[in-house]
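Let me begin by presenting the structure, written as structure tokens, before commenting on it.
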Amino acid sequence: MVMLFMTSWNGSQVTKVARMLAAKSAASELGQKSYVVMALLDGGLLRRHKNWLKADPPAILVATVGSLCQMVERQFLDLGSLNVLVIDEVDFMFSSSKQVSSLKKLLTSYSSFSNRQTIFASASIPQHRHFLHDCIQQKWTKNDVMHIHVNPMQPMPSCLLHRFVICDKNKKHQTFRSLLLTDEPQSAIIFVSEQSEKSKKAGNISPTTMMIDFLKTSYGGYSDIILLEEDMNYNLRASSLSEVRQGGGYLIVATDIVARGIDLPETTHIYNFDLPRTAIDYLHRAGRTGRKPFSKEKCVVNNLITSQERFVLQKFENELLFFCEELVV
């Protein structure tokens with residue numbers, strides 16, 4: 001089995017879980033050999049992986065598109081030896097990934113083999129019937145496609161409480177501070193917009209840096225405020241994420257790099273300081289909370305908007321079938 005992920009960060013998380021489950025499976029059945037799980041992620045050592053593949057072929061291979069394509073092109077890995085190919089966050093991979101052409105080529109080659117299974121996974125596949133039709137027409141998968149929709153009537157988890165605060169743009173930070181003091185969140189993720197290339201070239205301060213500076217000077221609820229954004233290198237992001245998981249409350253300032261594939265069950269609050277661009281992005285941001293197993297606790301998604309942005313939030317409500325109540329701070 002091969003599982004493909006959009007970033008090394010997502011892949012490394014799944015690798016840890018897969019290895020833990022493989023060890024448990026072997027322990028529960030005495031004498032059974034543990035499944036070998038290999039992480040083939042960007043930045044890894046191809047020579048080491050090549051030798052490993054020959055010496056002890058893994059039952060499960062967790063990879064990014066780039067690393068897997070590189071191994072196939074160099075003939076270190078035979079696609080015909082794989083039985084199952086799982087593509088996670090497939091809507092993002094096809095619409096936003098820089099390696100979409102490599103992914104399509106990989107899928108076309110893989111689907112040419114008989115007795116193979118391809119699984120496309122995501123919490124959000126817009127126009128899924130059209131997407132599946134394209135997959136068959138382009139030979140990215142076989143004709144006998146089955147669509148499994150976990151909850152077609154309720155895209156948004158029912159354990160979430162959605163709220164919005166309307167404020168002037170120049171008073172947004174102060175309003176946000178008041179909201180934090182009122183909520184006193186145990187653990188929260190604050191989403192801000194990514195800095196544009198034009199803004200970077202002009203030498204402007206990034207929205208994430210501006211938010212962290214503001215929190216450190218104006219809000220004393222947390223001694224450590226953690227930054228997670230796209231421009232950070234993999235090791236720094238992994239180190240920051242490891243700090244969060246060690247326990248205690250946390251306050252994370254993030255861009256949409258955190259909106260998919262991050263599992264932090266202790267997160268009780270989401271703050272959209274800047275609204276996401278689409279309803280799908282809103283769904284994935286909101287999905288970072290309410291993840292604690294068997295918990296009946298209501299988790300909160302807060303949105304700070306101007307009066308001109310109210311119609312955008314209403315559009316998200318209509319598309320995702322949820323209600324957002326107004327909050328006066």
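To be explicit about the labels: the chains of the structure tokens are called A, B, and onward in the order shown, and within each one the residues are counted from 1, while ligands get numbers from 1 in the order they are shown.
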Compile the contact shell of region 281-283 of chain A as number ranges by chain: residues with an atom at most 10 Å away, counting only C-alpha atoms, same-chain residues fewer than 6 positions apart removed. A: 123-124, 155-157, 256, 259-260, 272, 275, 301, 313, 316-317, 320
Using only C-alpha atoms, which protein or nucleic acid residues come within 7 Å of region 192-204 of chain A? Drop anything in the same chain fewer than 5 positions from it, and give the result as a list in words.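 Result of the neighbour search: Ala254, Thr255, Asn272, Phe273 and Asp274 of chain A.
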Polymer residues at most 8 Å from region 79-82 of chain A, only C-alpha atoms, same-chain spacing of 5 or more positions, as an MDAnalysis selection string: chainID A and resid 1:2 72 109:110 113 116
Have a look at A:Val258, A:Leu304, A:Val14, A:Ile190 and name the one nearest to Lys172 (chain A); count only C-alpha atoms. A:Leu304
Enumerate, as a ChimeraX atom specification, the complete set of residues in region 127-316 of chain A that a backbone-based DSSP assignment places in strand (DSSP E). /A:160-166,187-191,225-228,250-254,269-272,299-305
Using CA of Thr268 (chain A) and CA of Leu4 (chain A) as the two end points, give the distance in Å to one decimal.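 One can read the CA of Thr268 (chain A) to CA of Leu4 (chain A) distance as 29.0 Å.
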Where does DSSP see helix (DSSP H, G or I) in region 41-118 of chain A, if you list the residues as number ranges by chain? A: 46-55, 65-73, 79-81, 90-95, 100-111
Could you make a table, as CSV, of the residues of region 118-192 of chain A that have an atom within 9 Å of an atom of region 293-300 of chain A, each with its nearest atom pair and distance in Å to one decimal, counting only C-alpha atoms, in chain and number order?
```
residue,atom,partner,partner_atom,distance
A:Ser158,CA,A:Lys298,CA,8.9
A:Cys159,CA,A:Lys298,CA,5.3
A:Leu160,CA,A:Cys299,CA,5.0
A:Leu161,CA,A:Val300,CA,4.8
A:His162,CA,A:Val300,CA,6.0
A:Arg163,CA,A:Val300,CA,7.5
```
One residue among A:Val65, A:Ile189, A:Ile125, A:Ile119 is nearest to Asp91 (chain A) when using only C-alpha atoms, and that residue is A:Ile125
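Compared by their closest atoms to Leu180 (chain A), and using only C-alpha atoms, the residues A:His149, A:Asn302, A:Gln13, A:Cys135 rank with A:Asn302 nearest.
The space separating CA of Arg310 (chain A) from CA of Tyr219 (chain A) comes to 26.9 Å.
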Nearest candidate to Thr108 (chain A) (options A:Leu132, A:Gln314, A:Thr141, A:Gln127; using only C-alpha atoms):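 So, comparing all the options, the nearest one is A:Thr141.
Remark: for Pro58 (chain A), the closest of the candidate residues A:Arg19, A:Gly261, A:Leu327, A:Ser95 is A:Arg19 (distances computed over only C-alpha atoms).
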Minimum-distance residue to Lys98 (chain A), chosen among A:Ile166, A:Leu236, A:Val328, A:Met6 (using only C-alpha atoms):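 Answer, going by the shortest atom-to-atom distance: A:Met6.
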